[in-house]
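Let me begin by presenting the structure, written as structure tokens, before commenting on it.
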Amino acid sequence: MGHSYREGMSLIEIMITMVIIAIIAGIAYPRYQRMVAKSKQMEAKTILQSIHMGEDLFRTTTDKYTNNLNELDIEIPGDTRYAYSISINESGTSYLATAVANIDSDPVMDEWQIDQGNNLVNTVNDVIEE
């Protein structure tokens, strides 16, 4: 008597494979999303550093800082994710530049600040580490 052998995978083998793939995806996708969000934060860091250099240059010629981005000798691209602003004290001897954006579509806004001492701080981190 001849035995008949089946070729291919059984339904249970396919289901086990799908479960393994789902587990791997469930672990990998959130990490991928965090890495994408962290790369978006580089925009804020880079432009705030440019603002700091522009403020230093502006102060060397005027003896004060400005709260007007257009007065700085820097170029901020028109397609930025973050909104940038500068506030100065009354005498113009200190400033705080801020970048704010929602980088991952949740209710939390990512916020970065830099001051005249070149202290760059992520005051509200929209990228949550797990």
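Naming scheme: A, B, ... for chains in displayed order of the structure tokens; residues 1 onward per chain; ligands 1 onward as shown.
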- Find the residues near stretch 48-58 of chain A: any atom within 12 Å, counting only C-alpha atoms, skip ones fewer than 2 places away on the same chain, and give them as a count of residues only. 52
- Can you list every residue in chain A that DSSP puts in strand (DSSP E or B), as a VMD selection string? chain A and resid 83 to 88 95 to 101 110 to 115 120 to 124
